[in-house]
file coords31.csv (CSV, C-alpha atoms)
chain,number,residue,atom,x,y,z
A,309,MET,CA,-13.2,-13.1,19.3
A,310,GLU,CA,-11.2,-12.5,16.2
A,311,GLN,CA,-7.7,-14.0,16.3
A,312,GLN,CA,-4.9,-11.5,16.3
A,313,PRO,CA,-2.3,-11.8,13.5
A,314,LEU,CA,0.2,-14.6,14.4
A,315,VAL,CA,3.1,-12.3,13.8
A,316,PHE,CA,1.8,-9.9,16.4
A,317,LEU,CA,1.5,-12.7,19.0
A,318,ALA,CA,5.0,-13.9,18.0
A,319,ILE,CA,6.6,-10.5,18.6
A,320,VAL,CA,4.7,-10.1,22.0
A,321,LEU,CA,5.8,-13.5,23.2
A,322,ALA,CA,9.4,-12.9,22.1
A,323,LEU,CA,9.6,-9.6,23.9
A,324,SER,CA,7.7,-10.6,27.0
A,325,SER,CA,10.0,-13.6,27.5
A,326,TYR,CA,12.8,-11.2,28.0
A,327,ALA,CA,10.7,-8.5,29.8
A,328,HIS,CA,13.2,-8.0,32.6
A,329,GLY,CA,16.2,-7.8,30.3
A,330,LEU,CA,14.9,-5.1,28.0
A,331,LYS,CA,17.7,-2.6,27.3
A,332,ILE,CA,16.7,1.0,26.6
A,333,PHE,CA,18.6,3.3,24.2
A,334,ASP,CA,17.3,6.8,24.6
A,335,ILE,CA,18.1,9.0,21.7
A,336,SER,CA,18.5,12.1,23.9
A,337,SER,CA,21.4,10.6,25.6
A,338,TYR,CA,23.5,10.6,22.4
A,339,GLY,CA,24.4,14.2,22.3
A,340,VAL,CA,21.5,15.7,20.3
A,341,GLY,CA,22.2,19.4,19.8
A,342,ALA,CA,20.0,22.5,19.9
A,343,ASP,CA,19.1,22.0,16.3
A,344,LYS,CA,17.3,18.7,17.2
A,345,ASP,CA,19.1,16.8,14.4
A,346,ILE,CA,19.1,13.2,15.5
A,347,THR,CA,20.8,11.8,12.3
A,348,ALA,CA,24.1,10.8,14.0
A,349,ALA,CA,22.4,9.9,17.3
A,350,LEU,CA,20.0,7.5,15.7
A,351,ASP,CA,22.8,5.8,13.7
A,352,LYS,CA,24.9,5.3,16.9
A,353,ALA,CA,21.9,4.1,19.0
A,354,TRP,CA,20.9,1.6,16.2
A,355,LYS,CA,24.3,0.1,16.0
A,356,GLU,CA,24.5,-0.4,19.7
A,357,ALA,CA,20.9,-1.8,19.9
A,358,ILE,CA,21.4,-4.4,17.2
A,359,ALA,CA,24.5,-5.6,18.9
A,360,SER,CA,22.7,-6.1,22.2
A,361,PRO,CA,22.3,-9.7,23.3
A,362,GLU,CA,19.2,-8.6,25.2
A,363,PRO,CA,16.0,-7.3,23.6
A,364,ALA,CA,16.5,-3.6,22.9
A,365,LYS,CA,14.3,-0.5,22.5
A,366,ILE,CA,15.4,2.7,20.9
A,367,THR,CA,13.3,5.6,22.1
A,368,ILE,CA,12.7,9.0,20.4
A,369,GLY,CA,10.6,11.1,22.8
A,370,PRO,CA,7.9,13.8,22.2
A,371,GLY,CA,8.7,17.0,20.4
A,372,GLU,CA,10.0,17.8,16.9
A,373,TRP,CA,13.2,16.3,15.6
A,374,ILE,CA,15.2,16.7,12.4
A,375,LEU,CA,16.5,13.6,10.5
A,376,LYS,CA,18.5,14.1,7.3
A,377,GLN,CA,18.5,10.3,6.5
A,378,ALA,CA,18.7,7.0,8.2
A,379,HIS,CA,19.9,3.6,6.7
A,380,LEU,CA,19.3,1.1,9.5
A,381,GLU,CA,20.5,-2.4,8.8
A,382,GLY,CA,20.6,-5.7,10.8
A,383,PRO,CA,20.9,-8.4,11.6
A,384,SER,CA,20.0,-7.8,15.2
A,385,LYS,CA,20.9,-10.3,17.9
A,386,SER,CA,17.6,-10.0,19.7
A,387,PRO,CA,14.1,-8.5,19.2
A,388,LEU,CA,14.4,-4.8,18.6
A,389,GLU,CA,11.9,-1.9,18.9
A,390,LEU,CA,12.1,1.6,17.6
A,391,GLU,CA,9.6,3.7,19.6
A,392,VAL,CA,8.8,7.1,18.2
A,393,LYS,CA,6.6,9.5,20.2
A,394,GLY,CA,7.4,12.8,18.6
A,395,THR,CA,7.5,14.1,15.0
A,396,ILE,CA,10.5,13.4,12.9
A,397,LYS,CA,10.9,15.8,10.0
A,398,ALA,CA,12.9,15.4,6.8
A,399,LEU,CA,14.7,18.1,4.9
A,400,SER,CA,12.3,19.8,2.6
A,401,ASP,CA,14.8,20.1,-0.3
A,402,PRO,CA,15.3,16.7,-1.9
A,403,THR,CA,18.6,17.7,-3.3
A,404,GLN,CA,20.0,18.0,0.2
A,405,LEU,CA,19.5,14.2,0.9
A,406,PRO,CA,23.0,12.9,1.8
A,407,ASN,CA,22.7,9.8,-0.4
A,408,LYS,CA,20.4,10.3,-3.4
A,409,GLU,CA,20.1,6.6,-4.0
A,410,TRP,CA,18.7,5.8,-0.6
A,411,GLU,CA,15.2,6.4,0.8
A,412,TRP,CA,14.7,8.7,3.7
A,413,VAL,CA,14.3,6.0,6.4
A,414,THR,CA,15.3,2.5,5.5
A,415,VAL,CA,15.2,-0.6,7.7
A,416,ASN,CA,16.8,-3.8,6.3
A,417,TYR,CA,17.6,-7.3,7.4
A,418,VAL,CA,16.0,-7.5,10.8
A,419,ASN,CA,13.8,-10.1,12.5
A,420,TYR,CA,11.3,-9.5,15.3
A,421,PHE,CA,11.4,-5.8,14.7
A,422,THR,CA,8.7,-3.3,16.0
A,423,LEU,CA,8.2,0.3,15.0
A,424,SER,CA,5.7,1.9,17.4
A,425,GLY,CA,5.0,4.9,19.6
A,426,GLY,CA,2.3,7.0,18.0
A,427,GLY,CA,4.8,9.3,16.3
A,428,VAL,CA,4.9,11.0,12.9
A,429,PHE,CA,7.4,10.7,10.1
A,430,ASP,CA,7.0,14.0,8.1
A,431,GLY,CA,8.6,13.8,4.7
A,432,MET,CA,8.1,17.5,4.1
A,433,GLY,CA,7.2,16.7,0.5
A,434,GLU,CA,5.5,19.9,-0.7
A,435,GLN,CA,8.6,21.4,-2.4
A,436,ALA,CA,9.4,18.1,-4.2
A,437,TRP,CA,5.8,17.7,-5.5
A,438,LYS,CA,6.0,20.9,-7.5
A,439,THR,CA,8.7,19.5,-9.7
A,440,ASN,CA,7.7,15.8,-9.7
A,441,ASP,CA,7.0,14.7,-13.3
A,442,CYS,CA,7.8,11.0,-12.7
A,443,HIS,CA,4.3,9.9,-13.9
A,444,VAL,CA,5.2,11.0,-17.5
A,445,ASN,CA,9.0,11.2,-17.4
A,446,THR,CA,10.8,7.8,-17.0
A,447,LYS,CA,14.1,9.6,-16.5
A,448,CYS,CA,12.9,11.8,-13.6
A,449,ALA,CA,15.1,12.5,-10.6
A,450,LYS,CA,14.6,9.8,-7.9
A,451,LEU,CA,12.7,11.0,-4.8
A,452,PRO,CA,12.9,9.3,-1.4
A,453,ILE,CA,10.3,7.1,0.2
A,454,ASN,CA,9.5,8.0,3.8
A,455,LEU,CA,9.8,4.5,5.2
A,456,SER,CA,11.3,1.6,3.4
A,457,PHE,CA,11.3,-2.0,4.9
A,458,ASN,CA,13.3,-4.7,3.1
A,459,PHE,CA,14.1,-8.2,4.1
A,460,ILE,CA,12.3,-8.0,7.5
A,461,ASN,CA,10.6,-10.9,9.1
A,462,ASN,CA,8.1,-11.5,11.9
A,463,SER,CA,7.8,-7.8,12.4
A,464,ILE,CA,5.1,-5.2,13.2
A,465,ILE,CA,4.6,-1.5,12.3
A,466,GLN,CA,2.0,-0.1,14.6
A,467,ASP,CA,0.5,3.3,15.7
A,468,ILE,CA,2.8,5.2,13.3
A,469,THR,CA,1.8,8.0,10.9
A,470,THR,CA,3.7,8.9,7.7
A,471,LYS,CA,3.0,12.4,6.4
A,472,ASP,CA,3.6,14.2,3.2
A,473,SER,CA,6.2,11.9,1.7
A,474,LYS,CA,8.1,13.1,-1.4
A,475,ASN,CA,7.4,9.7,-3.0
A,476,PHE,CA,5.7,6.5,-1.7
A,477,HIS,CA,5.0,6.8,2.0
A,478,SER,CA,6.1,3.2,2.7
A,479,ASN,CA,7.1,0.1,1.0
A,480,CYS,CA,7.7,-3.4,2.2
A,481,ILE,CA,9.7,-5.7,-0.1
A,482,SER,CA,11.0,-9.3,0.1
A,483,SER,CA,9.7,-9.8,3.6
A,484,ASN,CA,7.7,-12.4,5.5
A,485,ASN,CA,5.1,-12.2,8.2
A,486,VAL,CA,4.8,-8.4,8.6
A,487,THR,CA,1.8,-6.6,10.1
A,488,PHE,CA,0.8,-3.0,9.7
A,489,LEU,CA,-1.5,-2.2,12.6
A,490,ARG,CA,-3.2,1.2,13.0
A,491,TYR,CA,-0.9,2.6,10.3
A,492,LYS,CA,-1.8,6.1,9.1
A,493,VAL,CA,-1.0,8.1,6.0
A,494,SER,CA,-1.7,11.8,5.5
A,495,ALA,CA,-1.1,13.7,2.3
A,496,PRO,CA,-3.2,16.0,0.0
A,497,HIS,CA,-5.3,14.4,-2.7
A,498,ASP,CA,-3.2,16.0,-5.4
A,499,SER,CA,0.2,14.9,-4.1
A,500,PRO,CA,1.9,12.9,-6.9
A,501,ASN,CA,3.2,9.3,-6.6
A,502,THR,CA,2.5,9.2,-2.9
A,503,ASP,CA,1.2,5.6,-2.6
A,504,GLY,CA,0.3,4.9,1.0
A,505,LEU,CA,1.9,1.5,1.1
A,506,HIS,CA,3.5,-0.5,-1.7
A,507,ILE,CA,4.2,-4.2,-1.1
A,508,ALA,CA,5.9,-6.8,-3.3
A,509,ARG,CA,7.7,-10.1,-3.2
A,510,ASN,CA,6.3,-10.9,0.2
A,511,ILE,CA,4.6,-13.8,2.0
A,512,GLY,CA,2.2,-13.0,4.8
A,513,ILE,CA,1.4,-9.3,4.9
A,514,THR,CA,-1.4,-8.1,7.2
A,515,ILE,CA,-2.8,-4.6,7.1
A,516,LEU,CA,-5.3,-3.9,9.9
A,517,ASP,CA,-7.3,-0.8,11.0
A,518,ALA,CA,-5.4,1.6,8.8
A,519,VAL,CA,-6.4,5.1,7.7
A,520,ILE,CA,-4.9,6.2,4.4
A,521,GLN,CA,-5.4,9.6,2.9
A,522,THR,CA,-3.1,10.4,0.0
A,523,GLY,CA,-2.7,11.4,-3.7
A,524,ASP,CA,-2.1,8.0,-5.2
A,525,ASP,CA,-3.0,4.3,-4.4
A,526,CYS,CA,-3.8,3.8,-0.8
A,527,ILE,CA,-2.3,0.4,-1.1
A,528,SER,CA,-0.5,-1.0,-4.2
A,529,MET,CA,0.7,-4.6,-4.7
A,530,GLY,CA,3.5,-5.7,-7.0
A,531,ASP,CA,4.3,-9.2,-8.1
A,532,GLN,CA,5.2,-12.3,-6.1
A,533,MET,CA,2.7,-11.7,-3.3
A,534,THR,CA,1.1,-14.5,-1.4
A,535,ASP,CA,-1.2,-14.5,1.7
A,536,VAL,CA,-2.2,-10.9,2.1
A,537,MET,CA,-4.9,-9.7,4.4
A,538,ILE,CA,-6.1,-6.1,4.1
A,539,LYS,CA,-8.9,-5.5,6.6
A,540,ASN,CA,-10.7,-2.5,8.2
A,541,VAL,CA,-8.9,0.0,6.1
A,542,LYS,CA,-10.3,3.5,5.4
A,543,CYS,CA,-9.1,4.7,2.1
A,544,GLY,CA,-9.7,8.2,0.7
A,545,PRO,CA,-8.7,10.5,-0.7
A,546,GLY,CA,-6.6,8.3,-2.9
A,547,HIS,CA,-6.7,6.0,-5.9
A,548,GLY,CA,-8.0,2.9,-4.1
A,549,ILE,CA,-6.4,-0.5,-3.4
A,550,SER,CA,-4.6,-1.9,-6.4
A,551,ILE,CA,-3.1,-5.2,-7.5
A,552,GLY,CA,-0.6,-4.1,-10.1
A,553,SER,CA,0.2,-2.6,-12.5
A,554,MET,CA,1.8,-5.8,-13.8
A,555,GLY,CA,3.2,-7.2,-17.0
A,556,LYS,CA,6.1,-4.9,-18.0
A,557,ASN,CA,8.9,-7.2,-16.6
A,558,ILE,CA,9.1,-10.7,-18.0
A,559,GLU,CA,10.5,-11.9,-14.7
A,560,GLU,CA,7.4,-11.0,-12.7
A,561,LYS,CA,6.0,-13.9,-10.6
A,562,ASP,CA,2.6,-15.0,-9.6
A,563,VAL,CA,0.2,-13.3,-7.1
A,564,SER,CA,-2.2,-15.4,-5.1
A,565,ARG,CA,-4.4,-15.5,-1.9
A,566,ILE,CA,-5.2,-11.8,-1.5
A,567,THR,CA,-8.1,-10.7,0.7
A,568,ILE,CA,-9.5,-7.2,0.9
A,569,GLN,CA,-12.3,-7.1,3.5
A,570,ASN,CA,-14.4,-4.6,5.4
A,571,CYS,CA,-12.7,-1.6,3.8
A,572,THR,CA,-14.2,1.8,3.1
A,573,PHE,CA,-13.4,3.9,0.0
A,574,ASP,CA,-14.4,7.5,0.4
A,575,ASN,CA,-14.3,9.7,-2.7
A,576,THR,CA,-11.5,7.7,-4.2
A,577,ALA,CA,-10.5,7.5,-7.9
A,578,ASN,CA,-11.0,3.7,-7.7
A,579,GLY,CA,-12.2,1.1,-5.3
A,580,VAL,CA,-10.6,-2.3,-5.7
A,581,ARG,CA,-8.6,-2.6,-8.9
A,582,ILE,CA,-6.5,-5.1,-10.8
A,583,LYS,CA,-4.4,-3.5,-13.6
A,584,THR,CA,-2.1,-5.2,-16.2
A,585,TRP,CA,-0.3,-3.7,-19.2
A,586,PRO,CA,-1.1,-4.8,-22.7
A,587,SER,CA,1.7,-5.5,-25.2
A,588,ALA,CA,3.9,-6.5,-22.3
A,589,PRO,CA,6.1,-9.7,-21.9
A,590,ALA,CA,5.1,-11.1,-18.4
A,591,THR,CA,2.9,-14.2,-18.3
A,592,LEU,CA,2.3,-14.5,-14.5
A,593,THR,CA,-1.0,-15.5,-13.0
A,594,ILE,CA,-3.2,-13.5,-10.5
A,595,SER,CA,-5.5,-15.8,-8.6
A,596,ASP,CA,-7.5,-16.6,-5.4
A,597,LEU,CA,-8.6,-13.0,-4.7
A,598,ASN,CA,-11.4,-12.1,-2.3
A,599,PHE,CA,-13.0,-8.6,-2.3
A,600,LEU,CA,-15.5,-8.8,0.5
A,601,ASP,CA,-17.8,-6.5,2.5
A,602,LEU,CA,-16.7,-3.2,0.9
A,603,THR,CA,-18.3,0.2,1.3
A,604,MET,CA,-18.1,2.8,-1.4
A,605,ILE,CA,-18.8,6.5,-0.7
A,606,ASN,CA,-19.0,8.4,-4.0
A,607,ALA,CA,-16.0,6.3,-5.2
A,608,SER,CA,-15.1,6.2,-8.9
A,609,ASN,CA,-14.8,2.8,-10.5
A,610,PRO,CA,-15.7,0.8,-7.3
A,611,VAL,CA,-14.7,-2.6,-8.8
A,612,ILE,CA,-12.5,-2.7,-11.8
A,613,ILE,CA,-10.3,-5.3,-13.6
A,614,ASP,CA,-8.4,-3.4,-16.2
A,615,GLN,CA,-6.2,-5.5,-18.5
A,616,GLN,CA,-5.8,-2.6,-20.9
A,617,TYR,CA,-4.1,-0.4,-18.4
A,618,CYS,CA,-2.1,2.2,-20.3
A,619,PRO,CA,-1.9,5.6,-18.5
A,620,TRP,CA,-0.8,8.7,-20.3
A,621,ASN,CA,-0.6,6.5,-23.5
A,622,LEU,CA,2.8,5.1,-22.4
A,623,CYS,CA,2.2,1.8,-24.1
A,624,SER,CA,0.9,0.1,-27.2
A,625,LEU,CA,-2.5,-1.6,-27.4
A,626,ASP,CA,-1.5,-3.8,-30.3
A,627,LYS,CA,-1.3,-7.0,-28.3
A,628,PRO,CA,-3.5,-8.1,-25.3
A,629,SER,CA,-2.2,-8.7,-21.8
A,630,SER,CA,-0.7,-12.2,-21.3
A,631,ILE,CA,-1.6,-12.3,-17.6
A,632,GLN,CA,-4.2,-14.8,-16.5
A,633,ILE,CA,-6.6,-13.6,-13.8
A,634,SER,CA,-8.8,-16.3,-12.1
A,635,LYS,CA,-10.6,-17.4,-9.0
A,636,VAL,CA,-11.9,-13.9,-8.0
A,637,LYS,CA,-14.7,-13.7,-5.4
A,638,ILE,CA,-16.6,-10.3,-5.1
A,639,HIS,CA,-19.2,-10.3,-2.4
A,640,ASN,CA,-21.2,-7.6,-0.5
A,641,VAL,CA,-20.1,-4.4,-2.2
A,642,LYS,CA,-22.4,-1.5,-1.4
A,643,GLY,CA,-22.7,2.2,-1.5
A,644,THR,CA,-22.4,5.0,-4.1
A,645,SER,CA,-20.3,5.6,-7.2
A,646,SER,CA,-19.4,8.9,-9.0
A,647,THR,CA,-19.0,7.0,-12.2
A,648,GLN,CA,-21.8,5.3,-14.1
A,649,ASP,CA,-19.9,2.0,-14.7
A,650,VAL,CA,-19.8,0.6,-11.2
A,651,VAL,CA,-18.3,-2.8,-12.1
A,652,ILE,CA,-15.9,-3.1,-15.0
A,653,PHE,CA,-14.4,-6.3,-16.2
A,654,SER,CA,-12.0,-5.3,-19.0
A,655,CYS,CA,-10.2,-8.6,-19.4
A,656,SER,CA,-7.7,-9.8,-21.9
A,657,THR,CA,-8.8,-11.2,-25.2
A,658,SER,CA,-6.0,-13.8,-25.1
A,659,LYS,CA,-6.5,-14.8,-21.5
A,660,PRO,CA,-10.1,-14.1,-20.5
A,661,CYS,CA,-10.8,-13.8,-16.7
A,662,GLN,CA,-11.8,-17.2,-15.3
A,663,ASP,CA,-14.0,-18.2,-12.4
A,664,VAL,CA,-15.1,-14.8,-11.3
A,665,GLN,CA,-17.8,-15.2,-8.6
A,666,ILE,CA,-19.9,-12.1,-7.8
A,667,GLY,CA,-23.0,-11.5,-5.7
A,668,ASP,CA,-24.7,-9.2,-3.3
A,669,ILE,CA,-23.8,-6.0,-5.1
A,670,ASP,CA,-25.8,-2.8,-4.5
A,671,LEU,CA,-24.1,0.3,-6.0
A,672,LYS,CA,-25.9,3.5,-7.0
A,673,PHE,CA,-24.7,6.2,-9.4
A,674,THR,CA,-24.6,9.7,-7.9
A,675,GLY,CA,-24.0,11.6,-11.1
A,676,ASP,CA,-26.4,13.3,-13.6
A,677,PRO,CA,-29.8,11.5,-13.4
A,678,ALA,CA,-30.3,12.3,-17.1
A,679,LEU,CA,-27.6,9.7,-17.9
A,680,GLY,CA,-29.6,6.9,-16.3
A,681,GLY,CA,-28.7,4.6,-13.4
A,682,ALA,CA,-25.6,2.6,-12.6
A,683,THR,CA,-24.3,0.2,-15.2
A,684,THR,CA,-21.7,-2.5,-15.6
A,685,LYS,CA,-19.2,-3.3,-18.4
A,686,CYS,CA,-18.0,-6.8,-19.2
A,687,GLN,CA,-15.4,-7.9,-21.7
A,688,ASN,CA,-13.8,-11.4,-21.9
A,689,VAL,CA,-14.9,-12.6,-18.5
A,690,LYS,CA,-16.3,-15.9,-17.4
A,691,TYR,CA,-18.4,-15.3,-14.2
A,692,THR,CA,-21.0,-16.9,-12.0
A,693,PHE,CA,-23.7,-15.0,-10.0
A,694,THR,CA,-23.6,-16.2,-6.4
A,695,GLY,CA,-26.9,-14.7,-5.2
A,696,GLY,CA,-28.1,-11.8,-3.1
A,697,ALA,CA,-28.7,-8.3,-4.5
A,698,GLN,CA,-27.4,-7.4,-7.9
A,699,ASN,CA,-27.9,-3.7,-8.5
A,700,PRO,CA,-27.2,-2.9,-11.2
A,701,PRO,CA,-27.7,-6.2,-13.2
A,702,LEU,CA,-24.3,-7.6,-14.1
A,703,CYS,CA,-23.0,-7.4,-17.7
A,704,GLN,CA,-26.1,-5.7,-19.0
A,705,ARG,CA,-26.0,-2.1,-20.2
A,706,SER,CA,-28.8,0.1,-19.1
A,707,SER,CA,-31.3,1.5,-21.5
A,708,ALA,CA,-30.4,4.5,-23.6
A,709,PRO,CA,-29.8,7.7,-21.6
A,710,LYS,CA,-32.8,9.9,-21.1
A,711,PRO,CA,-32.8,12.9,-23.4
A,712,LEU,CA,-31.7,16.1,-21.7
A,713,PRO,CA,-34.5,18.6,-20.9
A,714,MET,CA,-35.1,21.2,-23.5

call {"tool": "encode", "arguments": {"input": "coords31.csv", "output": "structure tokens"}}
result
Amino acid sequence: MEQQPLVFLAIVLALSSYAHGLKIFDISSYGVGADKDITAALDKAWKEAIASPEPAKITIGPGEWILKQAHLEGPSKSPLELEVKGTIKALSDPTQLPNKEWEWVTVNYVNYFTLSGGGVFDGMGEQAWKTNDCHVNTKCAKLPINLSFNFINNSIIQDITTKDSKNFHSNCISSNNVTFLRYKVSAPHDSPNTDGLHIARNIGITILDAVIQTGDDCISMGDQMTDVMIKNVKCGPGHGISIGSMGKNIEEKDVSRITIQNCTFDNTANGVRIKTWPSAPATLTISDLNFLDLTMINASNPVIIDQQYCPWNLCSLDKPSSIQISKVKIHNVKGTSSTQDVVIFSCSTSKPCQDVQIGDIDLKFTGDPALGGATTKCQNVKYTFTGGAQNPPLCQRSSAPKPLPM
């Protein structure tokens, strides 16, 4: 039997040791009015719960609730759970957010925290998407993330759905030993900047049995990440699972020991991807990566290392990326691709990719048969073939495309 994440066991043990002393804070007992606005009630319940010497649980029951904004900070004196069974809705107009610099729901500085209950956080993002130009305008108005977790430790987010966020659905920053279990994301394929989960500057992040359907990266990783396990994730629609983009900030720190395993990419814009900026100052390393047992269903770019990442021509290609990528294992990647190049290694001319191990690849091109079969593209990469199937042959362009019928 597979071992459960240690953080999950730690939380269970911490809570069960106080099972008889668990104190309940029911949100409905805090004077919620007919408008179902729980903003003030949640703030009051949270402050009482974190002050409790006994393990505490805040409960938000079934039904629909309105929440203008929540900024929930610790530290807490004991393990704390926020159980959401209903649907919590944001205000649809982002200009009505009480504090424009905050996210919609923020949880900071807590240990042994659990978010659970099977409920939904609905960011009501449709109105904001219509005016969102942040992908091309660096001075665009800030939009709120649905759920923001910062400086949390030994915590678990389980059985929670985040829906139609105005910006990223969730982030987890500067935290240790956090598990996302049966985490769900729901947003249209054309919703802008709606990453399912962004993680950075963490140690020990586990993402298990997640279903992420969104308009941007299903999962994106920033710098200073160590010991990440992403397993049994269904991604699509979306832009795949990405490490990066990186390189723009000279203070960015190394990324290592990342595993993406037994994940499915269904009609995504990418599968697994590493992206770094050219002509950028950072010199970090990205190493010890494992991309294992992956299924592609008509995914574009199933496996791609892109060290010339420059979307919307927002950079210069004059200088190569200074980021070193090494120790990458790619094994058992199968399925179908909507793009002809199914494996792309576009590595830096100044820092070629080192020690890339690849084997047991079987990817078929689903596009126009007149273009030929699946191909691979390799630039500045030092690789070894580890056996098993290799379809298409690695780093060999296919024969010239067949002529179109007259």

call {"tool": "closest_atom_pairs", "arguments": {"input": "coords31.csv", "of": "stretch 572-628 of chain A", "to": "stretch 649-664 of chain A", "cutoff": "10 Å", "atoms": "only C-alpha atoms", "output": "CSV"}}
result
residue,atom,partner,partner_atom,distance
A:Asn578,CA,A:Val650,CA,10.0
A:Gly579,CA,A:Val650,CA,9.6
A:Arg581,CA,A:Ile652,CA,9.5
A:Ile582,CA,A:Phe653,CA,9.6
A:Lys583,CA,A:Ser654,CA,9.5
A:Thr584,CA,A:Ser656,CA,9.2
A:Trp585,CA,A:Ser656,CA,10.0
A:Pro586,CA,A:Ser656,CA,8.3
A:Thr591,CA,A:Lys659,CA,9.9
A:Ile594,CA,A:Cys661,CA,9.8
A:Ser595,CA,A:Gln662,CA,9.3
A:Asp596,CA,A:Asp663,CA,9.7
A:Leu597,CA,A:Val664,CA,9.4
A:Ala607,CA,A:Val650,CA,9.1
A:Ser608,CA,A:Val650,CA,7.7
A:Asn609,CA,A:Val650,CA,5.5
A:Pro610,CA,A:Val650,CA,5.7
A:Val611,CA,A:Val651,CA,4.9
A:Ile612,CA,A:Ile652,CA,4.7
A:Ile613,CA,A:Phe653,CA,5.0
A:Asp614,CA,A:Ser654,CA,4.9
A:Gln615,CA,A:Cys655,CA,5.1
A:Gln616,CA,A:Ser654,CA,7.0
A:Tyr617,CA,A:Ser654,CA,9.3
A:Lys627,CA,A:Ser658,CA,8.9
A:Pro628,CA,A:Ser656,CA,5.7

call {"tool": "residues_near_point", "arguments": {"input": "coords31.csv", "point": "(7.8, 9.9, -13.2)", "cutoff": "12 Å", "atoms": "all atoms listed in the file", "output": "ChimeraX atom specification"}}
result
/A:437,439-451,475,500-502,619-620,622

call {"tool": "residues_near_point", "arguments": {"input": "coords31.csv", "point": "(9.2, 1.0, 9.0)", "cutoff": "9 Å", "atoms": "all atoms listed in the file", "output": "list in words"}}
result
Val413, Thr414, Val415, Thr422, Leu423, Asn454, Leu455, Ser456, Phe457, Ile464, Ile465, Ile468, Ser478, Asn479 and Cys480 of chain A

call {"tool": "closest_residue", "arguments": {"input": "coords31.csv", "among": "A:Thr683, A:Ser564, A:Ser587, A:Asn458", "to": "A:Ser624", "atoms": "only C-alpha atoms"}}
result
A:Ser587

call {"tool": "atom_distance", "arguments": {"input": "coords31.csv", "atom1": "atom CA of A:Ala697", "atom2": "atom CA of A:Ser550"}}
result
25.0 Å

call {"tool": "closest_residue", "arguments": {"input": "coords31.csv", "among": "A:Leu625, A:Gln569, A:Gln665, A:Ile481", "to": "A:Ile515", "atoms": "only C-alpha atoms"}}
result
A:Gln569

call {"tool": "residues_around", "arguments": {"input": "coords31.csv", "residues": "A:Thr576", "least_positions_apart": "5", "cutoff": "6 Å", "atoms": "all atoms listed in the file", "output": "MDAnalysis selection string"}}
result
chainID A and resid 544:548 607

call {"tool": "residues_around", "arguments": {"input": "coords31.csv", "residues": "A:Ile358", "least_positions_apart": "6", "cutoff": "7 Å", "atoms": "only C-alpha atoms", "output": "ChimeraX atom specification"}}
result
/A:382-385

call {"tool": "closest_residue", "arguments": {"input": "coords31.csv", "among": "A:Leu702, A:Ala353, A:Val418, A:Thr674", "to": "A:Gln687", "atoms": "all atoms listed in the file"}}
result
A:Leu702

call {"tool": "closest_residue", "arguments": {"input": "coords31.csv", "among": "A:Lys672, A:His477, A:Lys408, A:Lys393", "to": "A:Gly433", "atoms": "only C-alpha atoms"}}
result
A:His477

call {"tool": "residues_around", "arguments": {"input": "coords31.csv", "residues": "stretch 482-487 of chain A", "least_positions_apart": "4", "cutoff": "10 Å", "atoms": "all atoms listed in the file", "output": "PyMOL selection string"}}
result
chain A and resi 313-316+318+416-422+457-466+491+507-516+532-538

call {"tool": "closest_residue", "arguments": {"input": "coords31.csv", "among": "A:Cys623, A:Lys556, A:Thr522, A:Val493", "to": "A:Ala577", "atoms": "all atoms listed in the file"}}
result
A:Thr522

call {"tool": "closest_residue", "arguments": {"input": "coords31.csv", "among": "A:Gly675, A:Gly681, A:Gly555, A:Gly695", "to": "A:His639", "atoms": "only C-alpha atoms"}}
result
A:Gly695
